[in-house]
Amino acid sequence: GMRLNGELASMGKGPTDDGTAEVMNVIGDVEGRTCIIQDDIVDTAGTITKAATALKENGAERVLACAVHGVLSGPAIDRIQKSPIDKMIVTNTIPQSAAAKACPKIVVLSVARLLGQAIKSIHEETSVSSLFV
């Protein structure tokens, strides 16, 4: 969060009987803030939409969600559309369905340039980790 000059809030979640993760609490002050939820994979979007709801209930002004891999299976698109998430940002590591492309909240960013730079760095034997700093 430091590169954005932002503060960090954390969310506690615990398992439920049916295996889904239920958001329990928001730790940190999110009142009037733009909050960014980050995850590696979003599949059915259950956890991320519950997190967004909890942030809104705690006074967040806007909620942006991002994940590297947008599986977006089953009820995901519907959940995102109905949730308080303003934008759900994923990369194009997984091709998106017509429904995902039609959802105004879903933004797909390309990883092509990053992968190209990584291949070039490996070929030229220069730092690959510098691409992520």
# chains A, B, ... in the order shown; residues from 1 in each chain; ligands from 1
>>> residues_around(residues="Ile94 in chain A", least_positions_apart="3", cutoff="8 Å", atoms="only C-alpha atoms", output="ChimeraX atom specification")
/A:69-71,91
>>> select_by_dssp(residues="chain A", states="alpha helix (DSSP H)", output="PyMOL selection string")
chain A and resi 46-57+76-82+98-102+112-123
>>> closest_atom_pairs(of="range 73-113 of chain A", to="range 44-59 of chain A", cutoff="9 Å", atoms="only C-alpha atoms", output="Markdown table")
| residue | atom | partner | partner_atom | distance |
| --- | --- | --- | --- | --- |
| A:Ser73 | CA | A:Thr44 | CA | 5.2 |
| A:Gly74 | CA | A:Thr44 | CA | 6.0 |
| A:Pro75 | CA | A:Thr44 | CA | 5.9 |
| A:Ala76 | CA | A:Thr44 | CA | 4.4 |
| A:Ile77 | CA | A:Ala45 | CA | 8.0 |
| A:Arg79 | CA | A:Ala45 | CA | 6.7 |
| A:Ile80 | CA | A:Thr49 | CA | 6.5 |
| A:Lys82 | CA | A:Thr49 | CA | 8.9 |
| A:Ser83 | CA | A:Thr49 | CA | 5.9 |
| A:Pro84 | CA | A:Ala52 | CA | 6.1 |
| A:Ile85 | CA | A:Ala52 | CA | 6.0 |
>>> atom_distance(atom1="CA of Val90 in chain A", atom2="CA of Gly12 in chain A")
23.0 Å
>>> closest_residue(among="A:Leu131, A:Ile37, A:Leu4, A:Met88", to="Ile119 in chain A", atoms="only C-alpha atoms")
A:Leu131
>>> residues_around(residues="Val107 in chain A", least_positions_apart="3", cutoff="12 Å", atoms="only C-alpha atoms", output="number ranges by chain")
A: 64-68, 70, 80, 85-92, 96, 100-104, 110
>>> write_last_selection(atoms="C-alpha atoms", output="CSV table (one decimal), in the first residue's frame")
chain,number,residue,atom,x,y,z
A,64,LEU,CA,-12.3,-1.3,-6.2
A,65,ALA,CA,-11.4,-5.0,-6.5
A,66,CYS,CA,-8.6,-6.5,-8.4
A,67,ALA,CA,-7.3,-10.0,-9.0
A,68,VAL,CA,-4.7,-11.5,-11.3
A,70,GLY,CA,-10.5,-13.8,-13.2
A,80,ILE,CA,-20.3,-8.6,-8.9
A,85,ILE,CA,-17.9,-3.1,-6.0
A,86,ASP,CA,-17.4,-0.1,-8.3
A,87,LYS,CA,-14.9,-1.9,-10.6
A,88,MET,CA,-13.6,-5.5,-10.7
A,89,ILE,CA,-10.2,-5.4,-12.4
A,90,VAL,CA,-8.7,-8.7,-13.7
A,91,THR,CA,-6.0,-9.6,-16.2
A,92,ASN,CA,-6.4,-11.5,-19.5
A,96,GLN,CA,-13.6,-13.8,-20.4
A,100,ALA,CA,-18.2,-10.8,-18.2
A,101,LYS,CA,-17.4,-8.6,-21.2
A,102,ALA,CA,-21.0,-7.1,-21.1
A,103,CYS,CA,-20.7,-6.3,-17.3
A,104,PRO,CA,-19.8,-2.6,-17.0
A,110,SER,CA,-3.6,-7.2,-20.6
>>> residues_around(residues="Leu8 in chain A", least_positions_apart="2", cutoff="10 Å", atoms="only C-alpha atoms", output="PyMOL selection string")
chain A and resi 1-2+5-6+10+27-30+35-36
>>> write_last_selection(atoms="N, CA, C and O atoms", output="CSV table (one decimal), in the first residue's frame")
chain,number,residue,atom,x,y,z
A,1,GLY,N,0.8,-1.2,0.0
A,1,GLY,CA,0.0,0.0,0.0
A,1,GLY,C,0.8,1.3,0.0
A,1,GLY,O,0.3,2.3,-0.3
A,2,MET,N,2.1,1.2,0.3
A,2,MET,CA,3.0,2.4,0.4
A,2,MET,C,3.2,3.1,-0.9
A,2,MET,O,3.3,4.3,-0.8
A,5,ASN,N,0.7,5.6,-1.2
A,5,ASN,CA,0.6,6.5,0.0
A,5,ASN,C,-0.7,6.2,0.7
A,5,ASN,O,-1.3,7.1,1.2
A,6,GLY,N,-1.1,5.0,0.7
A,6,GLY,CA,-2.4,4.6,1.4
A,6,GLY,C,-2.1,3.9,2.7
A,6,GLY,O,-1.0,3.6,3.0
A,10,SER,N,-7.2,-4.4,7.3
A,10,SER,CA,-7.3,-5.9,7.0
A,10,SER,C,-8.7,-6.4,7.3
A,10,SER,O,-9.4,-5.8,8.1
A,27,ILE,N,-10.6,-4.4,10.0
A,27,ILE,CA,-9.7,-3.9,11.0
A,27,ILE,C,-9.0,-2.7,10.4
A,27,ILE,O,-8.3,-2.8,9.4
A,28,GLY,N,-9.3,-1.5,10.9
A,28,GLY,CA,-8.7,-0.3,10.3
A,28,GLY,C,-9.8,0.7,9.9
A,28,GLY,O,-11.0,0.3,9.8
A,29,ASP,N,-9.5,1.9,9.7
A,29,ASP,CA,-10.5,3.0,9.4
A,29,ASP,C,-10.6,3.1,7.9
A,29,ASP,O,-9.7,3.5,7.2
A,30,VAL,N,-11.9,2.8,7.4
A,30,VAL,CA,-12.1,2.9,6.0
A,30,VAL,C,-13.2,4.0,5.7
A,30,VAL,O,-13.5,4.2,4.5
A,35,CYS,N,-11.4,2.1,-1.2
A,35,CYS,CA,-10.7,0.9,-0.7
A,35,CYS,C,-10.4,0.0,-1.9
A,35,CYS,O,-11.2,-0.1,-2.9
A,36,ILE,N,-9.2,-0.6,-1.9
A,36,ILE,CA,-8.8,-1.5,-3.0
A,36,ILE,C,-8.7,-2.9,-2.3
A,36,ILE,O,-7.9,-3.1,-1.4
>>> closest_residue(among="A:Pro95, A:Arg33, A:Ser127, A:Asp40", to="Val108 in chain A", atoms="only C-alpha atoms")
A:Pro95
>>> atom_distance(atom1="CA of Ala118 in chain A", atom2="CA of Thr93 in chain A")
15.2 Å
>>> closest_residue(among="A:Thr34, A:Ser97, A:Gln117, A:Asn25", to="Arg62 in chain A", atoms="only C-alpha atoms")
A:Thr34
